[in-house]
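**Q** Here you go, one structure.
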There are 2 protein chains.
Amino acid sequence: MAARKPGVRALVFDVFGTVVDWRSSIIREGKALGRRKRLRVDWVAFADAWRDGYQPAMARVRSGELGWTKIDDLHRMILDGLLKKSSIRGLTEPEIDHLNRAWHRLRPWPDARRGLVLLKRDYVIATLSNGNLALLTNMAKNAGLPWDCILSAEVFRHYKPDPQAYLGAADALGFAPAEVMMVAAHKSDLRAAKACGLKTAFVRRPREHGPNVRVDLSADRAFDFNADDFVDLARQMRKKTR
Amino acid sequence: MAARKPGVRALVFDVFGTVVDWRSSIIREGKALGRRKRLRVDWVAFADAWRDGYQPAMARVRSGELGWTKIDDLHRMILDGLLKKSSIRGLTEPEIDHLNRAWHRLRPWPDARRGLVLLKRDYVIATLSNGNLALLTNMAKNAGLPWDCILSAEVFRHYKPDPQAYLGAADALGFAPAEVMMVAAHKSDLRAAKACGLKTAFVRRPREHGPNVRVDLSADRAFDFNADDFVDLARQMRKKTR
């Protein structure tokens with residue numbers, strides 16, 4: 001391969017929390033189902049509990065206790081447990097399946113679409129999510145997210161923050177790690193990407209966990225960018241490369 | 001998973017020859033390079049020879065003689081041989097790399113973009129190409145191809161017509177094989193997809209191999225659709241499902 005001038009060529013995005021507001025989307029879908037089926041459920045707690053099951057479920061895959069398992073199936077395992085624990089009965093299999101696919105219908109943060117359109121002019125933009133390909137594809141189609149490519153832990157058979165996910169994404173896009181920038185609202189994701197040689201952009205999402213949970217929004221000079229949203233990131237990147 | 005009504009939900013597309021006109025694109029890039037570097041080369045024969053090296057190169061991967069190798073690298077191996085054989089000298093490494101990436105810049109057939117936009121309204125549309133992810137991503141970005149998802153043999157580590165590619169694509173998109181339709185200008189590709197349970201659409205591309213090579217354009221009732229181009233396919237599919 002020819003030596004190329006260093007510089008960012010592609011941006012890869014964390015999705016849950018960074019691009020889409022998973023929490024209010026899940027709460028909204030739960031409430032709608034609850035009204036339809038006359039269920040008495042605290043859907044706010046339900047959404048948080050569902051998401052809380054996510055890291056432990058991936059840890060079971062990472063440890064080898066479970067073979068490779070897609071997020072759709074991990075979401076379903078957690079959901080089945082939650083339905084039982086919450087004594088939610090009377091849902092048909094298609095209704096449970098539809099609820100599980102609420103993650104395919106998550107809504108983007110208000111700036112996300114516009115910011116991605118701006119960034120897409122100058123860079124290859126791709127997902128790099130632990131969500132599976134079908135989930136990310138359906139989400140993009142529903143929400144109008146203009147990805148150039150959909151990359152997922154599923155392609156690399158390793159969940160973030162395993163290095164294989166970050167290095168695999170750079171390799172798949174045909175760039176050196178230093179030519180790829182990870183964009184995320186979660187500093188742990190960025191630190192793992194940085195350890196693999198990727199550039200990093202922190203995007204503040206103060207409401208990811210709802211109005212009552214404070215998240216660390218402080219700028220960190222270890223990252224290449226600290227931005228308020230995707231439009232701000234596009235503006236900062238244009239300024240820097242001009 | 002919930003039982004779903006059968007019917008096509010996603011279309012997966014062969015790319016080289018079906019979506020893009022590889023031959024005239026490669027000839028055009030070759031000629032431009034030849035003028036710039038004052039090379040005396042028959043670029044028509046060069047393009048055909050480059051493409052002729054493609055199936056044998058994949059066969060070496062399929063047989064295990066080569067480990068998994070991306071098409072970019074197979075293209076480069078073939079190109080290096082051709083440059084030597086054609087006594088083309090005086091190209092720098094960046095020039096050879098740029099020529100190799102001509103496959104990232106292939107131009108779509110005139111109907112392709114419009115047809116994909118129409119089909120995208122009703123179906124998930126994805127590539128299913130032996131081309132690697134970077135190649136397909138750059139091609140889509142260059143040519144404005146509005147894929148919902150880019151799938152490649154690279155994801156499944158199996159080149160078409162290995163069944164793992166077709167079954168892997170259906171699984172990745174979250175559909176049963178019978179819910180996915182392979183769209184291709186090559187009957188062998190469609191027959192392999194059909195053997196895996198996918199639906200099939202044959203699209204005639206009479207000029208794929210240039211004006212002097214006749215290709216089999218006959219309709220085959222074994223396929224679910226036989227179409228003149230992507231716009232015609234969209235029209236036929238709308239008619240059938242109305």
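Labels for the structure tokens follow display order: chains A, B, ..., residues from 1 in each chain, ligands from 1.
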Find the residues of chain B in contact range of chain A, meaning any atom within 9 Å when counting only C-alpha atoms, and list them as a PyMOL selection string.
**A** chain B and resi 1-4+93-98+124+132-138+140-141+146-151+154-156+171-175
**Q** Could you write out that same residue set with N, CA, C and O atoms as a compact mmCIF listing (two decimals), in the first residue's frame?
**A**
```txt
# COMPACT_ATOMS: atom_id res chain seq x y z
N MET B 1 -37.85 -16.22 17.71
CA MET B 1 -38.31 -15.20 16.77
C MET B 1 -39.76 -15.46 16.34
O MET B 1 -40.16 -16.61 16.19
N ALA B 2 -40.47 -14.42 16.11
CA ALA B 2 -41.86 -14.55 15.70
C ALA B 2 -41.93 -15.08 14.27
O ALA B 2 -41.08 -14.79 13.45
N ALA B 3 -42.94 -15.88 14.01
CA ALA B 3 -43.18 -16.31 12.63
C ALA B 3 -43.58 -15.07 11.83
O ALA B 3 -44.35 -14.25 12.30
N ARG B 4 -43.01 -14.95 10.64
CA ARG B 4 -43.37 -13.81 9.80
C ARG B 4 -44.01 -14.30 8.52
O ARG B 4 -43.73 -15.39 8.05
N GLU B 93 4.91 3.66 -6.90
CA GLU B 93 4.03 2.89 -6.02
C GLU B 93 2.68 3.61 -5.83
O GLU B 93 1.63 2.97 -5.94
N PRO B 94 2.66 4.93 -5.55
CA PRO B 94 1.35 5.58 -5.44
C PRO B 94 0.53 5.50 -6.72
O PRO B 94 -0.69 5.40 -6.68
N GLU B 95 1.18 5.53 -7.87
CA GLU B 95 0.44 5.42 -9.13
C GLU B 95 -0.16 4.03 -9.31
O GLU B 95 -1.30 3.88 -9.77
N ILE B 96 0.62 3.00 -8.94
CA ILE B 96 0.09 1.63 -9.04
C ILE B 96 -1.06 1.44 -8.05
O ILE B 96 -2.10 0.86 -8.38
N ASP B 97 -0.89 1.97 -6.84
CA ASP B 97 -1.95 1.86 -5.83
C ASP B 97 -3.21 2.58 -6.32
O ASP B 97 -4.32 2.07 -6.17
N HIS B 98 -3.04 3.75 -6.90
CA HIS B 98 -4.19 4.50 -7.41
C HIS B 98 -4.89 3.73 -8.52
O HIS B 98 -6.13 3.66 -8.57
N VAL B 124 -35.17 -3.43 2.25
CA VAL B 124 -33.77 -3.21 2.65
C VAL B 124 -32.91 -3.55 1.44
O VAL B 124 -33.09 -4.62 0.84
N ASN B 132 -14.32 -6.13 -1.33
CA ASN B 132 -14.17 -5.91 0.11
C ASN B 132 -14.91 -4.65 0.57
O ASN B 132 -15.38 -3.85 -0.23
N LEU B 133 -15.05 -4.54 1.89
CA LEU B 133 -15.89 -3.48 2.46
C LEU B 133 -15.39 -2.09 2.07
O LEU B 133 -16.19 -1.21 1.73
N ALA B 134 -14.09 -1.87 2.14
CA ALA B 134 -13.57 -0.53 1.81
C ALA B 134 -13.86 -0.19 0.36
O ALA B 134 -14.29 0.93 0.04
N LEU B 135 -13.65 -1.16 -0.52
CA LEU B 135 -13.93 -0.95 -1.95
C LEU B 135 -15.40 -0.57 -2.16
O LEU B 135 -15.71 0.41 -2.82
N LEU B 136 -16.29 -1.34 -1.55
CA LEU B 136 -17.73 -1.11 -1.75
C LEU B 136 -18.17 0.20 -1.10
O LEU B 136 -19.05 0.90 -1.63
N THR B 137 -17.58 0.52 0.04
CA THR B 137 -17.92 1.77 0.73
C THR B 137 -17.47 2.98 -0.08
O THR B 137 -18.23 3.94 -0.27
N ASN B 138 -16.24 2.94 -0.57
CA ASN B 138 -15.73 4.06 -1.37
C ASN B 138 -16.51 4.19 -2.68
O ASN B 138 -16.81 5.30 -3.13
N ALA B 140 -19.64 3.33 -3.21
CA ALA B 140 -20.97 3.88 -2.92
C ALA B 140 -20.89 5.38 -2.71
O ALA B 140 -21.75 6.14 -3.16
N LYS B 141 -19.84 5.80 -2.01
CA LYS B 141 -19.67 7.23 -1.71
C LYS B 141 -19.39 8.01 -3.00
O LYS B 141 -19.96 9.07 -3.24
N PRO B 146 -27.23 4.34 -2.75
CA PRO B 146 -27.85 4.56 -1.43
C PRO B 146 -28.09 3.29 -0.62
O PRO B 146 -29.19 3.06 -0.12
N TRP B 147 -27.09 2.44 -0.49
CA TRP B 147 -27.25 1.17 0.23
C TRP B 147 -27.73 1.38 1.67
O TRP B 147 -27.26 2.30 2.35
N ASP B 148 -28.60 0.50 2.12
CA ASP B 148 -28.93 0.46 3.55
C ASP B 148 -27.81 -0.20 4.35
O ASP B 148 -27.60 0.11 5.52
N CYS B 149 -27.12 -1.14 3.71
CA CYS B 149 -26.06 -1.88 4.41
C CYS B 149 -25.10 -2.41 3.36
O CYS B 149 -25.52 -2.77 2.26
N ILE B 150 -23.83 -2.41 3.69
CA ILE B 150 -22.83 -2.95 2.77
C ILE B 150 -22.37 -4.30 3.31
O ILE B 150 -21.77 -4.37 4.38
N LEU B 151 -22.72 -5.35 2.58
CA LEU B 151 -22.29 -6.70 2.95
C LEU B 151 -21.31 -7.19 1.88
O LEU B 151 -21.46 -6.88 0.71
N GLU B 154 -16.14 -10.48 2.51
CA GLU B 154 -15.17 -10.22 3.58
C GLU B 154 -15.79 -10.46 4.96
O GLU B 154 -15.10 -10.91 5.88
N VAL B 155 -17.07 -10.15 5.11
CA VAL B 155 -17.73 -10.32 6.41
C VAL B 155 -17.87 -11.81 6.74
O VAL B 155 -17.75 -12.20 7.90
N PHE B 156 -18.09 -12.61 5.70
CA PHE B 156 -18.38 -14.03 5.93
C PHE B 156 -17.15 -14.91 5.69
O PHE B 156 -17.18 -16.11 5.90
N ASP B 171 -28.78 -14.03 7.32
CA ASP B 171 -28.67 -14.03 8.77
C ASP B 171 -28.27 -12.66 9.30
O ASP B 171 -28.85 -12.16 10.28
N ALA B 172 -27.32 -12.02 8.64
CA ALA B 172 -26.87 -10.69 9.10
C ALA B 172 -27.99 -9.67 9.02
O ALA B 172 -28.09 -8.78 9.86
N LEU B 173 -28.85 -9.80 8.01
CA LEU B 173 -29.94 -8.84 7.85
C LEU B 173 -31.14 -9.21 8.72
O LEU B 173 -32.12 -8.47 8.79
N GLY B 174 -31.08 -10.37 9.36
CA GLY B 174 -32.14 -10.78 10.28
C GLY B 174 -33.35 -11.37 9.57
O GLY B 174 -34.46 -11.35 10.13
N PHE B 175 -33.16 -11.90 8.38
CA PHE B 175 -34.27 -12.48 7.64
C PHE B 175 -34.00 -13.94 7.32
O PHE B 175 -32.85 -14.39 7.29
```
**Q** Where does chain A end up after superposition onto chain B over all in-order Cα pairs? Give it as an mmCIF file with C-alpha atoms, in the first residue's frame.
**A**
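After the write, out.cif holds the following:
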```cif
data_model
loop_
_atom_site.group_PDB
_atom_site.id
_atom_site.type_symbol
_atom_site.label_atom_id
_atom_site.label_comp_id
_atom_site.auth_asym_id
_atom_site.auth_seq_id
_atom_site.Cartn_x
_atom_site.Cartn_y
_atom_site.Cartn_z
ATOM 1 C CA MET A 1 -38.227 -15.163 16.754
ATOM 2 C CA ALA A 2 -41.780 -14.536 15.707
ATOM 3 C CA ALA A 3 -43.098 -16.271 12.634
ATOM 4 C CA ARG A 4 -43.324 -13.739 9.839
ATOM 5 C CA LYS A 5 -45.412 -13.666 6.729
ATOM 6 C CA PRO A 6 -43.266 -14.918 3.888
ATOM 7 C CA GLY A 7 -42.358 -12.412 1.199
ATOM 8 C CA VAL A 8 -39.267 -10.563 0.126
ATOM 9 C CA ARG A 9 -37.996 -8.092 2.736
ATOM 10 C CA ALA A 10 -34.463 -7.434 1.502
ATOM 11 C CA LEU A 11 -32.639 -7.348 -1.821
ATOM 12 C CA VAL A 12 -28.943 -8.176 -1.974
ATOM 13 C CA PHE A 13 -27.031 -7.149 -5.057
ATOM 14 C CA ASP A 14 -24.101 -8.495 -6.929
ATOM 15 C CA VAL A 15 -22.026 -5.410 -7.746
ATOM 16 C CA PHE A 16 -19.339 -5.913 -10.450
ATOM 17 C CA GLY A 17 -21.273 -6.059 -13.703
ATOM 18 C CA THR A 18 -24.706 -5.870 -12.079
ATOM 19 C CA VAL A 19 -24.569 -2.421 -10.448
ATOM 20 C CA VAL A 20 -21.428 -0.979 -12.015
ATOM 21 C CA ASP A 21 -19.885 -1.128 -15.463
ATOM 22 C CA TRP A 22 -16.437 -2.337 -14.380
ATOM 23 C CA ARG A 23 -15.107 -2.751 -17.914
ATOM 24 C CA SER A 24 -15.563 0.704 -19.368
ATOM 25 C CA SER A 25 -14.547 2.244 -16.023
ATOM 26 C CA ILE A 26 -11.235 0.361 -15.956
ATOM 27 C CA ILE A 27 -10.570 1.095 -19.628
ATOM 28 C CA ARG A 28 -11.213 4.803 -19.051
ATOM 29 C CA GLU A 29 -8.906 4.971 -16.036
ATOM 30 C CA GLY A 30 -6.206 3.027 -17.866
ATOM 31 C CA LYS A 31 -6.363 5.297 -20.894
ATOM 32 C CA ALA A 32 -6.114 8.399 -18.699
ATOM 33 C CA LEU A 33 -3.062 6.974 -16.949
ATOM 34 C CA GLY A 34 -1.559 5.948 -20.293
ATOM 35 C CA ARG A 35 -1.868 9.471 -21.674
ATOM 36 C CA ARG A 36 -0.369 10.982 -18.524
ATOM 37 C CA LYS A 37 2.562 8.575 -18.460
ATOM 38 C CA ARG A 38 2.938 8.116 -22.241
ATOM 39 C CA LEU A 39 2.386 4.373 -22.047
ATOM 40 C CA ARG A 40 1.617 2.283 -25.149
ATOM 41 C CA VAL A 41 -0.884 -0.221 -23.766
ATOM 42 C CA ASP A 42 -4.032 -1.851 -25.153
ATOM 43 C CA TRP A 43 -6.226 -0.858 -22.218
ATOM 44 C CA VAL A 44 -9.218 -2.809 -23.505
ATOM 45 C CA ALA A 45 -7.222 -6.040 -23.426
ATOM 46 C CA PHE A 46 -5.671 -4.928 -20.140
ATOM 47 C CA ALA A 47 -9.086 -4.495 -18.488
ATOM 48 C CA ASP A 48 -10.270 -7.882 -19.718
ATOM 49 C CA ALA A 49 -7.077 -9.587 -18.588
ATOM 50 C CA TRP A 50 -7.321 -7.977 -15.165
ATOM 51 C CA ARG A 51 -10.872 -9.239 -14.761
ATOM 52 C CA ASP A 52 -9.900 -12.665 -16.140
ATOM 53 C CA GLY A 53 -7.478 -13.037 -13.244
ATOM 54 C CA TYR A 54 -10.280 -12.595 -10.740
ATOM 55 C CA GLN A 55 -11.943 -16.024 -10.647
ATOM 56 C CA PRO A 56 -8.625 -17.947 -10.555
ATOM 57 C CA ALA A 57 -7.405 -15.692 -7.714
ATOM 58 C CA MET A 58 -10.549 -16.374 -5.666
ATOM 59 C CA ALA A 59 -10.198 -20.069 -6.431
ATOM 60 C CA ARG A 60 -6.778 -19.995 -4.733
ATOM 61 C CA VAL A 61 -8.441 -18.610 -1.597
ATOM 62 C CA ARG A 62 -11.288 -21.106 -1.810
ATOM 63 C CA SER A 63 -8.878 -24.032 -2.120
ATOM 64 C CA GLY A 64 -6.906 -22.890 0.910
ATOM 65 C CA GLU A 65 -3.749 -22.248 -1.114
ATOM 66 C CA LEU A 66 -4.075 -18.614 0.009
ATOM 67 C CA GLY A 67 -5.453 -17.626 3.413
ATOM 68 C CA TRP A 68 -8.325 -15.165 3.467
ATOM 69 C CA THR A 69 -7.361 -12.368 1.074
ATOM 70 C CA LYS A 70 -9.350 -9.236 0.259
ATOM 71 C CA ILE A 71 -10.237 -8.417 -3.324
ATOM 72 C CA ASP A 72 -8.096 -5.259 -3.104
ATOM 73 C CA ASP A 73 -5.097 -7.507 -2.504
ATOM 74 C CA LEU A 74 -6.132 -10.053 -5.138
ATOM 75 C CA HIS A 75 -6.584 -7.197 -7.624
ATOM 76 C CA ARG A 76 -3.101 -5.980 -6.740
ATOM 77 C CA MET A 77 -1.519 -9.421 -7.183
ATOM 78 C CA ILE A 78 -3.118 -9.736 -10.626
ATOM 79 C CA LEU A 79 -2.148 -6.149 -11.501
ATOM 80 C CA ASP A 80 1.493 -6.685 -10.529
ATOM 81 C CA GLY A 81 1.617 -9.697 -12.825
ATOM 82 C CA LEU A 82 -0.052 -7.781 -15.667
ATOM 83 C CA LEU A 83 2.292 -4.805 -15.377
ATOM 84 C CA LYS A 84 5.228 -7.170 -15.664
ATOM 85 C CA LYS A 85 3.720 -9.143 -18.528
ATOM 86 C CA SER A 86 2.806 -5.951 -20.415
ATOM 87 C CA SER A 87 6.278 -4.504 -19.767
ATOM 88 C CA ILE A 88 4.715 -1.423 -18.203
ATOM 89 C CA ARG A 89 7.483 0.336 -16.318
ATOM 90 C CA GLY A 90 7.932 3.726 -14.755
ATOM 91 C CA LEU A 91 4.893 3.717 -12.495
ATOM 92 C CA THR A 92 5.527 4.824 -8.939
ATOM 93 C CA GLU A 93 4.046 2.893 -6.014
ATOM 94 C CA PRO A 94 1.368 5.566 -5.409
ATOM 95 C CA GLU A 95 0.447 5.419 -9.125
ATOM 96 C CA ILE A 96 0.104 1.635 -9.032
ATOM 97 C CA ASP A 97 -1.933 1.869 -5.832
ATOM 98 C CA HIS A 98 -4.167 4.498 -7.404
ATOM 99 C CA LEU A 99 -4.684 2.311 -10.485
ATOM 100 C CA ASN A 100 -5.528 -0.650 -8.254
ATOM 101 C CA ARG A 101 -8.162 1.490 -6.580
ATOM 102 C CA ALA A 102 -9.841 2.133 -9.930
ATOM 103 C CA TRP A 103 -12.145 -0.653 -8.711
ATOM 104 C CA HIS A 104 -13.258 1.695 -5.902
ATOM 105 C CA ARG A 105 -14.267 4.234 -8.538
ATOM 106 C CA LEU A 106 -16.308 2.092 -10.920
ATOM 107 C CA ARG A 107 -19.283 3.881 -12.450
ATOM 108 C CA PRO A 108 -22.833 2.593 -12.107
ATOM 109 C CA TRP A 109 -24.987 1.583 -15.050
ATOM 110 C CA PRO A 110 -27.258 4.510 -16.023
ATOM 111 C CA ASP A 111 -30.379 3.069 -14.339
ATOM 112 C CA ALA A 112 -28.672 1.828 -11.168
ATOM 113 C CA ARG A 113 -28.959 4.801 -8.864
ATOM 114 C CA ARG A 114 -32.562 5.584 -9.766
ATOM 115 C CA GLY A 115 -33.587 1.942 -9.528
ATOM 116 C CA LEU A 116 -31.966 1.566 -6.112
ATOM 117 C CA VAL A 117 -33.765 4.648 -4.808
ATOM 118 C CA LEU A 118 -37.081 3.136 -5.937
ATOM 119 C CA LEU A 119 -36.338 -0.298 -4.479
ATOM 120 C CA LYS A 120 -35.091 1.204 -1.209
ATOM 121 C CA ARG A 121 -38.587 2.564 -0.533
ATOM 122 C CA ASP A 122 -40.003 -0.939 -0.178
ATOM 123 C CA TYR A 123 -37.053 -3.120 0.782
ATOM 124 C CA VAL A 124 -33.768 -3.213 2.648
ATOM 125 C CA ILE A 125 -31.140 -2.959 -0.078
ATOM 126 C CA ALA A 126 -27.610 -4.228 0.473
ATOM 127 C CA THR A 127 -24.594 -5.230 -1.526
ATOM 128 C CA LEU A 128 -23.560 -8.881 -1.534
ATOM 129 C CA SER A 129 -20.329 -8.706 -3.439
ATOM 130 C CA ASN A 130 -16.989 -10.423 -3.412
ATOM 131 C CA GLY A 131 -15.518 -6.914 -3.303
ATOM 132 C CA ASN A 132 -14.172 -5.922 0.103
ATOM 133 C CA LEU A 133 -15.894 -3.488 2.444
ATOM 134 C CA ALA A 134 -13.559 -0.551 1.801
ATOM 135 C CA LEU A 135 -13.928 -0.961 -1.956
ATOM 136 C CA LEU A 136 -17.730 -1.117 -1.759
ATOM 137 C CA THR A 137 -17.919 1.758 0.730
ATOM 138 C CA ASN A 138 -15.737 4.036 -1.376
ATOM 139 C CA MET A 139 -17.615 3.052 -4.533
ATOM 140 C CA ALA A 140 -20.974 3.870 -2.932
ATOM 141 C CA LYS A 141 -19.663 7.221 -1.726
ATOM 142 C CA ASN A 142 -18.189 8.084 -5.136
ATOM 143 C CA ALA A 143 -21.186 6.971 -7.131
ATOM 144 C CA GLY A 144 -23.980 7.945 -4.741
ATOM 145 C CA LEU A 145 -25.339 4.422 -4.311
ATOM 146 C CA PRO A 146 -27.864 4.549 -1.456
ATOM 147 C CA TRP A 147 -27.276 1.163 0.214
ATOM 148 C CA ASP A 148 -28.935 0.456 3.541
ATOM 149 C CA CYS A 149 -26.081 -1.874 4.388
ATOM 150 C CA ILE A 150 -22.836 -2.960 2.761
ATOM 151 C CA LEU A 151 -22.301 -6.701 2.940
ATOM 152 C CA SER A 152 -19.307 -8.418 1.455
ATOM 153 C CA ALA A 153 -17.717 -11.834 1.223
ATOM 154 C CA GLU A 154 -15.185 -10.238 3.583
ATOM 155 C CA VAL A 155 -17.750 -10.330 6.409
ATOM 156 C CA PHE A 156 -18.381 -14.043 5.919
ATOM 157 C CA ARG A 157 -14.826 -15.011 4.934
ATOM 158 C CA HIS A 158 -16.279 -16.893 1.997
ATOM 159 C CA TYR A 159 -16.465 -15.826 -1.614
ATOM 160 C CA LYS A 160 -19.621 -16.318 -3.622
ATOM 161 C CA PRO A 161 -20.780 -18.813 -4.791
ATOM 162 C CA ASP A 162 -19.963 -20.480 -1.442
ATOM 163 C CA PRO A 163 -23.282 -20.941 0.408
ATOM 164 C CA GLN A 164 -21.867 -19.223 3.517
ATOM 165 C CA ALA A 165 -21.999 -15.898 1.682
ATOM 166 C CA TYR A 166 -25.714 -16.114 0.810
ATOM 167 C CA LEU A 167 -26.831 -17.640 4.108
ATOM 168 C CA GLY A 168 -24.579 -15.253 6.016
ATOM 169 C CA ALA A 169 -26.174 -12.255 4.310
ATOM 170 C CA ALA A 170 -29.711 -13.374 5.189
ATOM 171 C CA ASP A 171 -28.678 -14.032 8.787
ATOM 172 C CA ALA A 172 -26.869 -10.698 9.097
ATOM 173 C CA LEU A 173 -29.946 -8.835 7.858
ATOM 174 C CA GLY A 174 -32.136 -10.775 10.275
ATOM 175 C CA PHE A 175 -34.280 -12.466 7.642
ATOM 176 C CA ALA A 176 -34.966 -16.023 6.579
ATOM 177 C CA PRO A 177 -33.284 -16.939 3.264
ATOM 178 C CA ALA A 178 -36.685 -16.928 1.502
ATOM 179 C CA GLU A 179 -37.209 -13.310 2.600
ATOM 180 C CA VAL A 180 -34.068 -12.211 0.771
ATOM 181 C CA MET A 181 -33.702 -11.862 -2.979
ATOM 182 C CA MET A 182 -30.367 -11.998 -4.801
ATOM 183 C CA VAL A 183 -30.164 -9.580 -7.733
ATOM 184 C CA ALA A 184 -27.478 -10.325 -10.311
ATOM 185 C CA ALA A 185 -26.585 -10.204 -13.974
ATOM 186 C CA HIS A 186 -24.936 -13.614 -13.663
ATOM 187 C CA LYS A 187 -27.040 -16.747 -13.659
ATOM 188 C CA SER A 188 -24.439 -18.832 -11.795
ATOM 189 C CA ASP A 189 -24.629 -16.402 -8.864
ATOM 190 C CA LEU A 190 -28.421 -16.648 -8.876
ATOM 191 C CA ARG A 191 -28.435 -20.421 -9.073
ATOM 192 C CA ALA A 192 -26.135 -20.632 -6.052
ATOM 193 C CA ALA A 193 -28.382 -18.197 -4.147
ATOM 194 C CA LYS A 194 -31.482 -20.185 -5.099
ATOM 195 C CA ALA A 195 -29.858 -23.392 -3.857
ATOM 196 C CA CYS A 196 -29.587 -21.653 -0.459
ATOM 197 C CA GLY A 197 -33.285 -20.802 -0.482
ATOM 198 C CA LEU A 198 -33.024 -17.158 -1.536
ATOM 199 C CA LYS A 199 -35.337 -15.576 -4.080
ATOM 200 C CA THR A 200 -33.692 -14.496 -7.322
ATOM 201 C CA ALA A 201 -33.861 -11.652 -9.844
ATOM 202 C CA PHE A 202 -31.929 -11.745 -13.085
ATOM 203 C CA VAL A 203 -31.020 -8.352 -14.530
ATOM 204 C CA ARG A 204 -29.793 -8.187 -18.120
ATOM 205 C CA ARG A 205 -26.520 -6.330 -18.635
ATOM 206 C CA PRO A 206 -25.827 -6.906 -22.339
ATOM 207 C CA ARG A 207 -22.744 -4.670 -22.429
ATOM 208 C CA GLU A 208 -20.882 -6.039 -19.397
ATOM 209 C CA HIS A 209 -18.174 -7.609 -21.534
ATOM 210 C CA GLY A 210 -18.201 -4.955 -24.237
ATOM 211 C CA PRO A 211 -19.908 -4.675 -27.603
ATOM 212 C CA ASN A 212 -18.338 -7.806 -29.099
ATOM 213 C CA VAL A 213 -19.127 -10.407 -26.469
ATOM 214 C CA ARG A 214 -22.593 -11.888 -26.422
ATOM 215 C CA VAL A 215 -23.882 -12.798 -22.995
ATOM 216 C CA ASP A 216 -26.812 -15.038 -22.119
ATOM 217 C CA LEU A 217 -29.728 -12.642 -21.705
ATOM 218 C CA SER A 218 -32.535 -15.158 -21.961
ATOM 219 C CA ALA A 219 -35.274 -15.053 -19.363
ATOM 220 C CA ASP A 220 -35.265 -18.082 -17.096
ATOM 221 C CA ARG A 221 -38.466 -19.073 -15.314
ATOM 222 C CA ALA A 222 -36.388 -20.614 -12.534
ATOM 223 C CA PHE A 223 -35.808 -17.047 -11.331
ATOM 224 C CA ASP A 224 -38.505 -15.013 -9.593
ATOM 225 C CA PHE A 225 -37.867 -12.005 -11.828
ATOM 226 C CA ASN A 226 -36.167 -11.340 -15.148
ATOM 227 C CA ALA A 227 -35.638 -7.622 -15.653
ATOM 228 C CA ASP A 228 -34.081 -5.243 -18.135
ATOM 229 C CA ASP A 229 -32.636 -3.019 -15.428
ATOM 230 C CA PHE A 230 -33.214 -1.946 -11.812
ATOM 231 C CA VAL A 231 -36.047 0.438 -12.692
ATOM 232 C CA ASP A 232 -37.814 -2.360 -14.544
ATOM 233 C CA LEU A 233 -37.257 -4.648 -11.542
ATOM 234 C CA ALA A 234 -38.807 -2.060 -9.211
ATOM 235 C CA ARG A 235 -41.798 -1.743 -11.534
ATOM 236 C CA GLN A 236 -42.262 -5.524 -11.788
ATOM 237 C CA MET A 237 -42.025 -5.952 -8.017
ATOM 238 C CA ARG A 238 -44.567 -3.202 -7.338
ATOM 239 C CA LYS A 239 -46.954 -4.796 -9.810
ATOM 240 C CA LYS A 240 -46.616 -8.215 -8.214
ATOM 241 C CA THR A 241 -47.169 -7.081 -4.640
ATOM 242 C CA ARG A 242 -49.967 -4.620 -5.349
#
```
**Q** As an MDAnalysis selection string, list the residues of chain A assigned to helix (DSSP H, G or I) by DSSP on the backbone atoms of this structure.
**A** chainID A and resid 22:37 43:52 54:62 71:85 93:105 112:122 133:143 153:156 163:173 177:179 187:195 230:241
**Q** Assign secondary structure with DSSP using the backbone only, and return the residues of region 175-215 of chain A in strand (DSSP E) as number ranges by chain.
**A** A: 180-184, 199-203
